[in-house]
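Novice: The structure under discussion is supplied below as structure tokens; questions concerning it will follow.
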Amino acid sequence: MLERSVQSRKRYIFALLIGTFLFLLVIFISYFIAFIQFGKITDMQGVTAYSLFEKKLSYSFFNEDICNQEGFRKISEDLAYQGRVLEDLENKFGKEDKQILERKKFYTVLLLEHMELLDKYNQGCNGSINKILFFYSNQENLIDSSENAGRILDLVYLKNNNLVIYAFDANLDSEIILKLKEHYKVTQPLTLIINDEFLISWPFNIEDIEIYLN
Amino acid sequence: MDFISIIIYISIYIGLVATSFYILSYRDNIKKERKFFSEEELPKISVLIPAYNEEKSIAQTIESIYKSDYPKEKFEIIVIDDGSKDKTYSIAKKFESEKFPNIKVFHKENGGKGTALNFGISKASGEIIFTMDADTYVNSQSMRKMIHSFTNPRVMAVTAAMLVYKPKTIWQRIQHMEYLLGIFLRKSLATLNAVYITPGAFSAYRLEFFKKYGGYDEKNVTEDIELSLRIQYNGYFIDNCPTAPVWTIAPSTFKGLFMQRRRWYFGFLKNIVKYEKIISKNYGDLGLFVIPVGLIATFLSIFLTIYLFFKSISDISKEFLFYQSVNFDFSNVFHFNYLVFQRFFFDLFTNPVTLFILLFFSMIGFYIYYASKNIGKFTGIIVDLSLFFIFFAFLYGFWWTVSIFYTIFSKKVRWR
């Protein structure tokens, strides 16, 4: 056999370096995009908080009409979006990420502010918007059930226009969550509170929920 | 990170390092000075066309090779009818008697492509042997362009830029893209002296090699792969000429394509076992990197294709069962808004795999640019590329899985 040899050993090293660089660059870009999104969510939460406080103060102090549904709907949609993106960011950065946990706590406060506004709207404007509080869990053994429950609620939401769903992480290290659970007598995760009255626990299906809706 | 994600990232990493390596070797070698034969030095060539039941294409094949700009006094065409049951022989014979002085047509009993080629080699008087399928057409300048590689005495074979002739069906369009993308890869392998397949449809060999190491392995289902590996095994080189386009009629049906690929991959596995000693540093970049990485990448891609295929089926059926179990009314499901859309893109672009796919798309863009630069423009690229992305990975995994099954369980694969 005629002798053969490797053309260039340096080329292997360069290829390894370029391949590694490209690999890490792409991972970095994906995290960079997630960080941009995190910043966007932080800004968005600020704007939503301002809108909520402004609306509530206008009503409490200046007796302004809160029956204009348009502004209310916008805030609801923004909050729903923020909830989903926080969920995505949590999956990306991990459930223990401090920054995400802080955002989730703030999000919980916003949800409760929104819930209070919804109650005022229902009382003051003869509204009949349904309200569901969903206490989910991120614990390993409950993740699948939480996801399935969440998907059922998504479907209920798609079918019912006059419905607002508030999802709370039952295991979040937050005083407000503890008080909320106490207030609604929630003893286990994957529990729904429908219109402040009806408590149902997993497993449930669409009909089990819709039965209690206005 | 779960096991499957680790496999995906390992596959991507290997792909990136391998692609970087091929691009670097192409860049390092492309500027090397190339020698050319003068007009007087051009060697005599013999074009062998083995044919079995090729009455539909044989005339066009002969005409295309005869239109070559290679000096007529320096080439001969040898058609070997391998016991056809149709009019292949009589059609070819007409060329011999009526039109062309340097064409010889022979008839022999059917014995397979390898026997026909060996028969042709025994009749050839050229220093260089071109082998050509009877359903293949060449550009008039291709032979002249390819021949200059033989100025290097260590080069024993030269491959061309293989293309699909007038792709029409989905399966031909997918192959069209595969062949186009292969043009760059084959050239970069040639710069490493690591080409290990000389397409049977059209390749050139030095007659000296056949004399020294014997002709085609007549019992081999992929006699072209066996010959290529034998050339490499004996330490010689196989060059590539990306500016020499050759069109072949690709299988037009799923079954036809499946049979072809099963034969190719089965043959490749059998022959790589036969020449297993090639996988060592004694064979330079070919043995140290090209074949080992190719094998690892193939096995990883098979694993991923099978896994993702069954996972997709399982996920879809689970979703369906879930929606059924909660009595969901599917007619109310179409509710999309801007936020859903925005979130979809967030999910997409924060997933590194999506970004890696985009990176590989840009590499594919470069490969297509390279192909068009060498062989000219081609049409239908968007449709063909889309079909390639949708189907190729699955088809590739499927063909390889079946081929491995045939190899392990020693099933027989035939030419026809």
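Identifiers in this document derive from the order of the structure tokens: chains are assigned A, B, ..., residues are numbered from 1 separately in each chain, and ligands are numbered from 1 in order of occurrence.
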Name the residues in contact with range 384-394 of chain B at a cut-off of 9 Å, using only C-alpha atoms, excluding same-chain residues fewer than 5 positions from it; report them as a list in words.

Specialist: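 The residues that qualify are Ile170, Trp171, Gln172, Arg173, Ile174, Gln175, His176, Met177, Glu178, Ser301, Ile302, Thr305, Ile306, Phe309 and Trp399 of chain B.
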
Novice: Would you kindly return, as a PDB file with all heavy atoms, in the first residue's frame, each protein, DNA or RNA residue with an atom no farther than 12 Å from any atom of Ala80 in chain A, considering only C-alpha atoms and excluding same-chain residues fewer than 4 positions away?

Specialist:
```pdb
ATOM      1  N   ILE A  41     -40.743  41.592  29.467  1.00  0.00           N
ATOM      2  CA  ILE A  41     -41.799  41.222  30.418  1.00  0.00           C
ATOM      3  C   ILE A  41     -41.746  42.134  31.645  1.00  0.00           C
ATOM      4  O   ILE A  41     -42.784  42.576  32.151  1.00  0.00           O
ATOM      5  CB  ILE A  41     -41.636  39.736  30.843  1.00  0.00           C
ATOM      6  CG1 ILE A  41     -42.143  38.835  29.731  1.00  0.00           C
ATOM      7  CG2 ILE A  41     -42.350  39.416  32.144  1.00  0.00           C
ATOM      8  CD1 ILE A  41     -43.636  38.970  29.455  1.00  0.00           C
ATOM      9  N   MET A  44     -43.266  45.307  30.654  1.00  0.00           N
ATOM     10  CA  MET A  44     -44.702  45.121  30.434  1.00  0.00           C
ATOM     11  C   MET A  44     -45.448  45.040  31.773  1.00  0.00           C
ATOM     12  O   MET A  44     -46.552  45.573  31.904  1.00  0.00           O
ATOM     13  CB  MET A  44     -44.891  43.824  29.651  1.00  0.00           C
ATOM     14  CG  MET A  44     -46.066  43.839  28.722  1.00  0.00           C
ATOM     15  SD  MET A  44     -45.992  42.344  27.741  1.00  0.00           S
ATOM     16  CE  MET A  44     -47.647  42.348  27.098  1.00  0.00           C
ATOM     17  N   GLN A  45     -44.814  44.408  32.745  1.00  0.00           N
ATOM     18  CA  GLN A  45     -45.443  44.311  34.061  1.00  0.00           C
ATOM     19  C   GLN A  45     -45.596  45.697  34.682  1.00  0.00           C
ATOM     20  O   GLN A  45     -46.610  45.989  35.319  1.00  0.00           O
ATOM     21  CB  GLN A  45     -44.607  43.415  34.979  1.00  0.00           C
ATOM     22  CG  GLN A  45     -44.848  41.932  34.725  1.00  0.00           C
ATOM     23  CD  GLN A  45     -44.192  41.061  35.791  1.00  0.00           C
ATOM     24  OE1 GLN A  45     -43.160  41.410  36.351  1.00  0.00           O
ATOM     25  NE2 GLN A  45     -44.788  39.913  36.041  1.00  0.00           N
ATOM     26  N   THR A  48     -48.514  47.371  32.955  1.00  0.00           N
ATOM     27  CA  THR A  48     -49.785  46.783  33.395  1.00  0.00           C
ATOM     28  C   THR A  48     -50.115  47.241  34.819  1.00  0.00           C
ATOM     29  O   THR A  48     -51.270  47.572  35.124  1.00  0.00           O
ATOM     30  CB  THR A  48     -49.697  45.233  33.356  1.00  0.00           C
ATOM     31  OG1 THR A  48     -49.243  44.846  32.079  1.00  0.00           O
ATOM     32  CG2 THR A  48     -51.032  44.589  33.629  1.00  0.00           C
ATOM     33  N   ARG A  73     -60.253  44.740  29.039  1.00  0.00           N
ATOM     34  CA  ARG A  73     -59.895  43.587  28.194  1.00  0.00           C
ATOM     35  C   ARG A  73     -58.405  43.602  27.848  1.00  0.00           C
ATOM     36  O   ARG A  73     -57.742  42.583  27.868  1.00  0.00           O
ATOM     37  CB  ARG A  73     -60.725  43.631  26.901  1.00  0.00           C
ATOM     38  CG  ARG A  73     -60.637  42.351  26.068  1.00  0.00           C
ATOM     39  CD  ARG A  73     -61.472  42.467  24.831  1.00  0.00           C
ATOM     40  NE  ARG A  73     -62.887  42.618  25.132  1.00  0.00           N
ATOM     41  CZ  ARG A  73     -63.698  41.600  25.401  1.00  0.00           C
ATOM     42  NH1 ARG A  73     -63.237  40.376  25.422  1.00  0.00           N
ATOM     43  NH2 ARG A  73     -64.969  41.798  25.655  1.00  0.00           N
ATOM     44  N   LYS A  74     -57.904  44.813  27.553  1.00  0.00           N
ATOM     45  CA  LYS A  74     -56.484  44.942  27.193  1.00  0.00           C
ATOM     46  C   LYS A  74     -55.584  44.477  28.349  1.00  0.00           C
ATOM     47  O   LYS A  74     -54.631  43.716  28.152  1.00  0.00           O
ATOM     48  CB  LYS A  74     -56.207  46.416  26.842  1.00  0.00           C
ATOM     49  CG  LYS A  74     -54.742  46.758  26.619  1.00  0.00           C
ATOM     50  CD  LYS A  74     -54.293  46.377  25.226  1.00  0.00           C
ATOM     51  CE  LYS A  74     -52.882  46.815  24.914  1.00  0.00           C
ATOM     52  NZ  LYS A  74     -51.832  46.116  25.589  1.00  0.00           N
ATOM     53  N   ILE A  75     -55.941  44.939  29.562  1.00  0.00           N
ATOM     54  CA  ILE A  75     -55.140  44.553  30.737  1.00  0.00           C
ATOM     55  C   ILE A  75     -55.201  43.034  30.926  1.00  0.00           C
ATOM     56  O   ILE A  75     -54.195  42.379  31.198  1.00  0.00           O
ATOM     57  CB  ILE A  75     -55.639  45.279  32.007  1.00  0.00           C
ATOM     58  CG1 ILE A  75     -55.431  46.790  31.867  1.00  0.00           C
ATOM     59  CG2 ILE A  75     -54.903  44.776  33.244  1.00  0.00           C
ATOM     60  CD1 ILE A  75     -56.101  47.617  32.951  1.00  0.00           C
ATOM     61  N   SER A  76     -56.378  42.462  30.735  1.00  0.00           N
ATOM     62  CA  SER A  76     -56.548  41.009  30.910  1.00  0.00           C
ATOM     63  C   SER A  76     -55.674  40.237  29.925  1.00  0.00           C
ATOM     64  O   SER A  76     -55.013  39.261  30.293  1.00  0.00           O
ATOM     65  CB  SER A  76     -58.013  40.597  30.678  1.00  0.00           C
ATOM     66  OG  SER A  76     -58.845  41.362  31.485  1.00  0.00           O
ATOM     67  N   ARG A  84     -48.010  33.419  30.492  1.00  0.00           N
ATOM     68  CA  ARG A  84     -47.477  32.372  29.609  1.00  0.00           C
ATOM     69  C   ARG A  84     -45.971  32.541  29.398  1.00  0.00           C
ATOM     70  O   ARG A  84     -45.218  31.575  29.407  1.00  0.00           O
ATOM     71  CB  ARG A  84     -48.193  32.401  28.255  1.00  0.00           C
ATOM     72  CG  ARG A  84     -49.649  32.007  28.316  1.00  0.00           C
ATOM     73  CD  ARG A  84     -49.772  30.666  28.992  1.00  0.00           C
ATOM     74  NE  ARG A  84     -51.137  30.271  29.180  1.00  0.00           N
ATOM     75  CZ  ARG A  84     -51.809  29.464  28.366  1.00  0.00           C
ATOM     76  NH1 ARG A  84     -51.226  28.981  27.320  1.00  0.00           N
ATOM     77  NH2 ARG A  84     -53.045  29.146  28.625  1.00  0.00           N
ATOM     78  N   VAL A  85     -45.558  33.783  29.197  1.00  0.00           N
ATOM     79  CA  VAL A  85     -44.131  33.996  28.936  1.00  0.00           C
ATOM     80  C   VAL A  85     -43.315  33.693  30.191  1.00  0.00           C
ATOM     81  O   VAL A  85     -42.222  33.114  30.114  1.00  0.00           O
ATOM     82  CB  VAL A  85     -43.871  35.425  28.411  1.00  0.00           C
ATOM     83  CG1 VAL A  85     -42.371  35.688  28.303  1.00  0.00           C
ATOM     84  CG2 VAL A  85     -44.515  35.606  27.044  1.00  0.00           C
ATOM     85  N   LEU A  86     -43.859  34.038  31.348  1.00  0.00           N
ATOM     86  CA  LEU A  86     -43.148  33.701  32.597  1.00  0.00           C
ATOM     87  C   LEU A  86     -42.987  32.192  32.728  1.00  0.00           C
ATOM     88  O   LEU A  86     -41.951  31.702  33.180  1.00  0.00           O
ATOM     89  CB  LEU A  86     -43.914  34.255  33.798  1.00  0.00           C
ATOM     90  CG  LEU A  86     -43.651  35.729  34.119  1.00  0.00           C
ATOM     91  CD1 LEU A  86     -44.580  36.212  35.231  1.00  0.00           C
ATOM     92  CD2 LEU A  86     -42.198  35.940  34.548  1.00  0.00           C
ATOM     93  N   GLU A  87     -44.025  31.492  32.309  1.00  0.00           N
ATOM     94  CA  GLU A  87     -43.968  30.020  32.329  1.00  0.00           C
ATOM     95  C   GLU A  87     -42.835  29.529  31.413  1.00  0.00           C
ATOM     96  O   GLU A  87     -42.045  28.656  31.789  1.00  0.00           O
ATOM     97  CB  GLU A  87     -45.312  29.512  31.797  1.00  0.00           C
ATOM     98  CG  GLU A  87     -45.640  28.082  32.112  1.00  0.00           C
ATOM     99  CD  GLU A  87     -46.967  27.731  31.451  1.00  0.00           C
ATOM    100  OE1 GLU A  87     -48.000  28.341  31.802  1.00  0.00           O
ATOM    101  OE2 GLU A  87     -46.956  26.871  30.569  1.00  0.00           O
ATOM    102  N   TYR A 107     -46.069  39.212  39.558  1.00  0.00           N
ATOM    103  CA  TYR A 107     -47.187  38.818  38.688  1.00  0.00           C
ATOM    104  C   TYR A 107     -48.395  38.400  39.552  1.00  0.00           C
ATOM    105  O   TYR A 107     -49.537  38.744  39.235  1.00  0.00           O
ATOM    106  CB  TYR A 107     -46.728  37.666  37.788  1.00  0.00           C
ATOM    107  CG  TYR A 107     -47.803  37.134  36.872  1.00  0.00           C
ATOM    108  CD1 TYR A 107     -48.299  37.904  35.828  1.00  0.00           C
ATOM    109  CD2 TYR A 107     -48.333  35.862  37.059  1.00  0.00           C
ATOM    110  CE1 TYR A 107     -49.283  37.422  34.993  1.00  0.00           C
ATOM    111  CE2 TYR A 107     -49.315  35.368  36.221  1.00  0.00           C
ATOM    112  CZ  TYR A 107     -49.786  36.149  35.197  1.00  0.00           C
ATOM    113  OH  TYR A 107     -50.771  35.674  34.368  1.00  0.00           O
ATOM    114  N   THR A 108     -48.124  37.697  40.646  1.00  0.00           N
ATOM    115  CA  THR A 108     -49.201  37.281  41.545  1.00  0.00           C
ATOM    116  C   THR A 108     -49.939  38.505  42.095  1.00  0.00           C
ATOM    117  O   THR A 108     -51.172  38.534  42.157  1.00  0.00           O
ATOM    118  CB  THR A 108     -48.614  36.446  42.708  1.00  0.00           C
ATOM    119  OG1 THR A 108     -47.851  35.393  42.167  1.00  0.00           O
ATOM    120  CG2 THR A 108     -49.697  35.882  43.599  1.00  0.00           C
ATOM    121  N   LEU A 110     -50.121  41.416  40.709  1.00  0.00           N
ATOM    122  CA  LEU A 110     -50.888  42.019  39.610  1.00  0.00           C
ATOM    123  C   LEU A 110     -52.188  41.258  39.372  1.00  0.00           C
ATOM    124  O   LEU A 110     -53.244  41.852  39.131  1.00  0.00           O
ATOM    125  CB  LEU A 110     -50.060  42.045  38.323  1.00  0.00           C
ATOM    126  CG  LEU A 110     -48.882  43.005  38.273  1.00  0.00           C
ATOM    127  CD1 LEU A 110     -48.181  42.935  36.919  1.00  0.00           C
ATOM    128  CD2 LEU A 110     -49.342  44.432  38.516  1.00  0.00           C
ATOM    129  N   LEU A 111     -52.089  39.934  39.462  1.00  0.00           N
ATOM    130  CA  LEU A 111     -53.296  39.127  39.258  1.00  0.00           C
ATOM    131  C   LEU A 111     -54.354  39.462  40.305  1.00  0.00           C
ATOM    132  O   LEU A 111     -55.541  39.602  39.988  1.00  0.00           O
ATOM    133  CB  LEU A 111     -52.956  37.630  39.341  1.00  0.00           C
ATOM    134  CG  LEU A 111     -52.268  36.973  38.155  1.00  0.00           C
ATOM    135  CD1 LEU A 111     -52.106  35.475  38.402  1.00  0.00           C
ATOM    136  CD2 LEU A 111     -53.044  37.179  36.859  1.00  0.00           C
ATOM    137  N   HIS A 114     -55.873  42.736  39.615  1.00  0.00           N
ATOM    138  CA  HIS A 114     -56.812  42.595  38.501  1.00  0.00           C
ATOM    139  C   HIS A 114     -58.100  41.936  38.977  1.00  0.00           C
ATOM    140  O   HIS A 114     -59.214  42.310  38.582  1.00  0.00           O
ATOM    141  CB  HIS A 114     -56.159  41.762  37.395  1.00  0.00           C
ATOM    142  CG  HIS A 114     -56.977  41.655  36.144  1.00  0.00           C
ATOM    143  ND1 HIS A 114     -57.906  40.662  35.967  1.00  0.00           N
ATOM    144  CD2 HIS A 114     -57.022  42.424  35.022  1.00  0.00           C
ATOM    145  CE1 HIS A 114     -58.480  40.808  34.778  1.00  0.00           C
ATOM    146  NE2 HIS A 114     -57.951  41.880  34.186  1.00  0.00           N
ATOM    147  N   ASP A 154     -57.423  26.059  29.387  1.00  0.00           N
ATOM    148  CA  ASP A 154     -57.248  26.757  28.100  1.00  0.00           C
ATOM    149  C   ASP A 154     -58.471  26.536  27.217  1.00  0.00           C
ATOM    150  O   ASP A 154     -58.970  27.447  26.567  1.00  0.00           O
ATOM    151  CB  ASP A 154     -56.013  26.217  27.363  1.00  0.00           C
ATOM    152  CG  ASP A 154     -54.730  26.825  27.896  1.00  0.00           C
ATOM    153  OD1 ASP A 154     -54.822  27.822  28.639  1.00  0.00           O
ATOM    154  OD2 ASP A 154     -53.655  26.292  27.584  1.00  0.00           O
ATOM    155  N   TYR A 157     -61.441  28.352  28.451  1.00  0.00           N
ATOM    156  CA  TYR A 157     -61.268  29.772  28.139  1.00  0.00           C
ATOM    157  C   TYR A 157     -61.607  30.053  26.670  1.00  0.00           C
ATOM    158  O   TYR A 157     -62.261  31.053  26.353  1.00  0.00           O
ATOM    159  CB  TYR A 157     -59.824  30.178  28.446  1.00  0.00           C
ATOM    160  CG  TYR A 157     -59.540  31.637  28.209  1.00  0.00           C
ATOM    161  CD1 TYR A 157     -60.035  32.618  29.065  1.00  0.00           C
ATOM    162  CD2 TYR A 157     -58.791  32.048  27.105  1.00  0.00           C
ATOM    163  CE1 TYR A 157     -59.784  33.955  28.848  1.00  0.00           C
ATOM    164  CE2 TYR A 157     -58.543  33.389  26.874  1.00  0.00           C
ATOM    165  CZ  TYR A 157     -59.031  34.341  27.761  1.00  0.00           C
ATOM    166  OH  TYR A 157     -58.799  35.677  27.533  1.00  0.00           O
ATOM    167  N   LEU A 163     -64.914  35.032  30.641  1.00  0.00           N
ATOM    168  CA  LEU A 163     -64.202  34.262  31.662  1.00  0.00           C
ATOM    169  C   LEU A 163     -62.783  34.798  31.845  1.00  0.00           C
ATOM    170  O   LEU A 163     -62.103  35.108  30.863  1.00  0.00           O
ATOM    171  CB  LEU A 163     -64.143  32.788  31.223  1.00  0.00           C
ATOM    172  CG  LEU A 163     -63.230  31.858  32.019  1.00  0.00           C
ATOM    173  CD1 LEU A 163     -63.745  31.674  33.444  1.00  0.00           C
ATOM    174  CD2 LEU A 163     -63.134  30.496  31.336  1.00  0.00           C
ATOM    175  N   VAL A 164     -62.383  34.927  33.107  1.00  0.00           N
ATOM    176  CA  VAL A 164     -60.990  35.274  33.400  1.00  0.00           C
ATOM    177  C   VAL A 164     -60.423  34.180  34.303  1.00  0.00           C
ATOM    178  O   VAL A 164     -61.080  33.762  35.257  1.00  0.00           O
ATOM    179  CB  VAL A 164     -60.871  36.646  34.097  1.00  0.00           C
ATOM    180  CG1 VAL A 164     -59.404  36.968  34.376  1.00  0.00           C
ATOM    181  CG2 VAL A 164     -61.473  37.741  33.250  1.00  0.00           C
ATOM    182  N   ILE A 165     -59.236  33.690  33.934  1.00  0.00           N
ATOM    183  CA  ILE A 165     -58.601  32.635  34.743  1.00  0.00           C
ATOM    184  C   ILE A 165     -57.349  33.203  35.404  1.00  0.00           C
ATOM    185  O   ILE A 165     -56.504  33.808  34.727  1.00  0.00           O
ATOM    186  CB  ILE A 165     -58.233  31.411  33.871  1.00  0.00           C
ATOM    187  CG1 ILE A 165     -59.502  30.808  33.276  1.00  0.00           C
ATOM    188  CG2 ILE A 165     -57.490  30.361  34.697  1.00  0.00           C
ATOM    189  CD1 ILE A 165     -59.256  29.755  32.213  1.00  0.00           C
ATOM    190  N   TYR A 166     -57.232  33.007  36.693  1.00  0.00           N
ATOM    191  CA  TYR A 166     -56.043  33.443  37.431  1.00  0.00           C
ATOM    192  C   TYR A 166     -55.298  32.199  37.885  1.00  0.00           C
ATOM    193  O   TYR A 166     -55.841  31.390  38.642  1.00  0.00           O
ATOM    194  CB  TYR A 166     -56.438  34.275  38.653  1.00  0.00           C
ATOM    195  CG  TYR A 166     -57.221  35.519  38.285  1.00  0.00           C
ATOM    196  CD1 TYR A 166     -58.612  35.546  38.397  1.00  0.00           C
ATOM    197  CD2 TYR A 166     -56.565  36.660  37.839  1.00  0.00           C
ATOM    198  CE1 TYR A 166     -59.327  36.678  38.060  1.00  0.00           C
ATOM    199  CE2 TYR A 166     -57.280  37.800  37.490  1.00  0.00           C
ATOM    200  CZ  TYR A 166     -58.655  37.799  37.600  1.00  0.00           C
ATOM    201  OH  TYR A 166     -59.360  38.920  37.252  1.00  0.00           O
ATOM    202  N   ALA A 167     -54.080  32.046  37.388  1.00  0.00           N
ATOM    203  CA  ALA A 167     -53.303  30.854  37.749  1.00  0.00           C
ATOM    204  C   ALA A 167     -52.220  31.226  38.757  1.00  0.00           C
ATOM    205  O   ALA A 167     -51.456  32.165  38.527  1.00  0.00           O
ATOM    206  CB  ALA A 167     -52.688  30.251  36.498  1.00  0.00           C
TER     207      ALA A 167
ATOM    208  N   LEU B 339     -50.836  37.707  20.516  1.00  0.00           N
ATOM    209  CA  LEU B 339     -49.992  37.239  21.616  1.00  0.00           C
ATOM    210  C   LEU B 339     -49.606  35.770  21.451  1.00  0.00           C
ATOM    211  O   LEU B 339     -48.483  35.374  21.763  1.00  0.00           O
ATOM    212  CB  LEU B 339     -50.707  37.452  22.947  1.00  0.00           C
ATOM    213  CG  LEU B 339     -50.939  38.916  23.315  1.00  0.00           C
ATOM    214  CD1 LEU B 339     -51.738  39.038  24.612  1.00  0.00           C
ATOM    215  CD2 LEU B 339     -49.614  39.658  23.462  1.00  0.00           C
ATOM    216  N   VAL B 340     -50.552  34.977  20.947  1.00  0.00           N
ATOM    217  CA  VAL B 340     -50.264  33.554  20.721  1.00  0.00           C
ATOM    218  C   VAL B 340     -49.127  33.426  19.710  1.00  0.00           C
ATOM    219  O   VAL B 340     -48.189  32.651  19.866  1.00  0.00           O
ATOM    220  CB  VAL B 340     -51.531  32.821  20.198  1.00  0.00           C
ATOM    221  CG1 VAL B 340     -51.198  31.402  19.765  1.00  0.00           C
ATOM    222  CG2 VAL B 340     -52.615  32.812  21.251  1.00  0.00           C
ATOM    223  N   ARG B 343     -45.773  34.558  21.214  1.00  0.00           N
ATOM    224  CA  ARG B 343     -45.249  33.553  22.134  1.00  0.00           C
ATOM    225  C   ARG B 343     -44.661  32.369  21.365  1.00  0.00           C
ATOM    226  O   ARG B 343     -43.640  31.797  21.743  1.00  0.00           O
ATOM    227  CB  ARG B 343     -46.380  33.069  23.034  1.00  0.00           C
ATOM    228  CG  ARG B 343     -45.857  32.219  24.135  1.00  0.00           C
ATOM    229  CD  ARG B 343     -46.943  31.819  25.101  1.00  0.00           C
ATOM    230  NE  ARG B 343     -46.459  30.732  25.902  1.00  0.00           N
ATOM    231  CZ  ARG B 343     -47.144  29.649  26.175  1.00  0.00           C
ATOM    232  NH1 ARG B 343     -48.353  29.499  25.697  1.00  0.00           N
ATOM    233  NH2 ARG B 343     -46.633  28.700  26.918  1.00  0.00           N
TER     234      ARG B 343
END
```

Novice: Considering only C-alpha atoms, can you say which of A:Phe204, A:Phe135, A:Asn130, A:Leu213 comes closest to chain B?

Specialist: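 Among the listed residues, A:Phe204 lies closest to chain B.
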
Novice: Could you pull out all residues of range 41-197 of chain A with a DSSP call of strand (DSSP E or B) and give them as a CSV table (one decimal) with N, CA and C atoms, in the first residue's frame?

Specialist:
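Heads up, here's the output in selection_2.csv:
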```csv
chain,number,residue,atom,x,y,z
A,130,ASN,N,-67.1,35.5,34.6
A,130,ASN,CA,-66.7,34.4,35.5
A,130,ASN,C,-65.3,34.5,35.9
A,131,LYS,N,-65.0,34.0,37.0
A,131,LYS,CA,-63.6,34.1,37.6
A,131,LYS,C,-63.2,32.7,38.1
A,132,ILE,N,-62.1,32.2,37.6
A,132,ILE,CA,-61.6,31.0,38.1
A,132,ILE,C,-60.2,31.2,38.6
A,133,LEU,N,-59.9,30.7,39.8
A,133,LEU,CA,-58.6,30.7,40.4
A,133,LEU,C,-58.0,29.3,40.3
A,134,PHE,N,-56.9,29.2,39.7
A,134,PHE,CA,-56.3,27.9,39.5
A,134,PHE,C,-55.0,27.8,40.3
A,135,PHE,N,-54.9,26.9,41.3
A,135,PHE,CA,-53.7,26.7,42.0
A,135,PHE,C,-52.9,25.5,41.4
A,136,TYR,N,-51.9,25.8,40.6
A,136,TYR,CA,-51.2,24.7,40.0
A,136,TYR,C,-49.9,24.4,40.9
A,163,LEU,N,-64.9,35.0,30.6
A,163,LEU,CA,-64.2,34.3,31.7
A,163,LEU,C,-62.8,34.8,31.8
A,164,VAL,N,-62.4,34.9,33.1
A,164,VAL,CA,-61.0,35.3,33.4
A,164,VAL,C,-60.4,34.2,34.3
A,165,ILE,N,-59.2,33.7,33.9
A,165,ILE,CA,-58.6,32.6,34.7
A,165,ILE,C,-57.3,33.2,35.4
A,166,TYR,N,-57.2,33.0,36.7
A,166,TYR,CA,-56.0,33.4,37.4
A,166,TYR,C,-55.3,32.2,37.9
A,167,ALA,N,-54.1,32.0,37.4
A,167,ALA,CA,-53.3,30.9,37.7
A,167,ALA,C,-52.2,31.2,38.8
A,168,PHE,N,-52.2,30.5,39.9
A,168,PHE,CA,-51.2,30.8,40.9
A,168,PHE,C,-50.4,29.6,41.2
A,169,ASP,N,-49.1,29.8,41.4
A,169,ASP,CA,-48.2,28.7,41.7
A,169,ASP,C,-48.4,28.4,43.2
A,191,THR,N,-56.2,22.8,42.4
A,191,THR,CA,-57.6,23.1,42.9
A,191,THR,C,-58.1,24.3,42.1
A,192,LEU,N,-59.4,24.3,41.8
A,192,LEU,CA,-60.0,25.4,41.2
A,192,LEU,C,-61.0,26.1,42.1
A,193,ILE,N,-61.0,27.4,42.1
A,193,ILE,CA,-62.1,28.1,42.8
A,193,ILE,C,-62.8,28.9,41.8
A,194,ILE,N,-64.1,28.5,41.6
A,194,ILE,CA,-64.9,29.1,40.5
A,194,ILE,C,-65.9,30.1,41.1
```

Novice: With a cut-off of 6 Å and counting only C-alpha atoms, select all residues of chain A in contact with chain B and give the selection as a PyMOL selection string.

Specialist: chain A and resi 1-2+4-6+15-16+19+27+30+34+205-206

Novice: Mind giving me the straight-line distance from CA of Asp196 in chain A to CA of Leu155 in chain A in Å, one decimal?

Specialist: 20.6 Å

Novice: Can you work out the spacing between CA of Asp224 in chain B and CA of Tyr369 in chain B in Å, to one decimal?

Specialist: 28.6 Å

Novice: Which residue out of A:Glu64, A:Ser58, A:Leu190, A:Tyr81 has the minimum interatomic distance to Ile143 in chain A when only C-alpha atoms are used?

Specialist: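 Ranking A:Glu64, A:Ser58, A:Leu190, A:Tyr81 by distance to Ile143 in chain A, first place goes to A:Leu190.
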
Novice: Which residues come within 12 Å of range 186-189 of chain A, counting only C-alpha atoms, excluding same-chain residues fewer than 5 positions away, as a short mmCIF file (atom, residue, chain, number, x, y, z; two decimals) with C-alpha atoms, in the first residue's frame?

Specialist:
```
data_model
loop_
_atom_site.label_atom_id
_atom_site.label_comp_id
_atom_site.auth_asym_id
_atom_site.auth_seq_id
_atom_site.Cartn_x
_atom_site.Cartn_y
_atom_site.Cartn_z
CA LEU A 133 -58.60 30.73 40.42
CA PHE A 134 -56.30 27.88 39.53
CA PHE A 135 -53.69 26.72 42.02
CA TYR A 136 -51.15 24.72 40.03
CA SER A 137 -47.98 23.03 41.17
CA ASN A 138 -44.48 22.74 39.72
CA GLN A 139 -43.59 19.78 41.89
CA ASN A 141 -44.89 14.45 40.63
CA LEU A 142 -47.62 16.96 39.78
CA ILE A 143 -46.23 18.57 36.64
CA SER A 145 -51.38 16.74 36.03
CA SER A 146 -50.80 20.50 36.27
CA ALA A 149 -55.39 20.80 34.10
CA ALA A 167 -53.30 30.85 37.75
CA PHE A 168 -51.20 30.80 40.92
CA ASP A 169 -48.18 28.69 41.71
CA ALA A 170 -49.38 26.94 44.88
CA ASN A 171 -45.79 26.29 45.95
CA LEU A 172 -44.48 29.80 45.40
CA ILE A 177 -50.16 32.90 48.10
CA LEU A 178 -50.33 31.49 51.62
CA LYS A 179 -53.02 33.97 52.59
CA LEU A 180 -54.89 33.30 49.37
CA LYS A 181 -54.88 29.57 50.02
CA ASP A 196 -65.40 32.51 44.73
CA PHE A 198 -67.15 26.43 44.16
CA LEU A 199 -64.04 24.46 44.91
CA ILE A 200 -63.12 21.52 42.72
CA SER A 201 -59.95 19.46 42.71
CA TRP A 202 -58.13 17.47 40.06
CA PRO A 203 -59.14 15.40 38.14
#
```
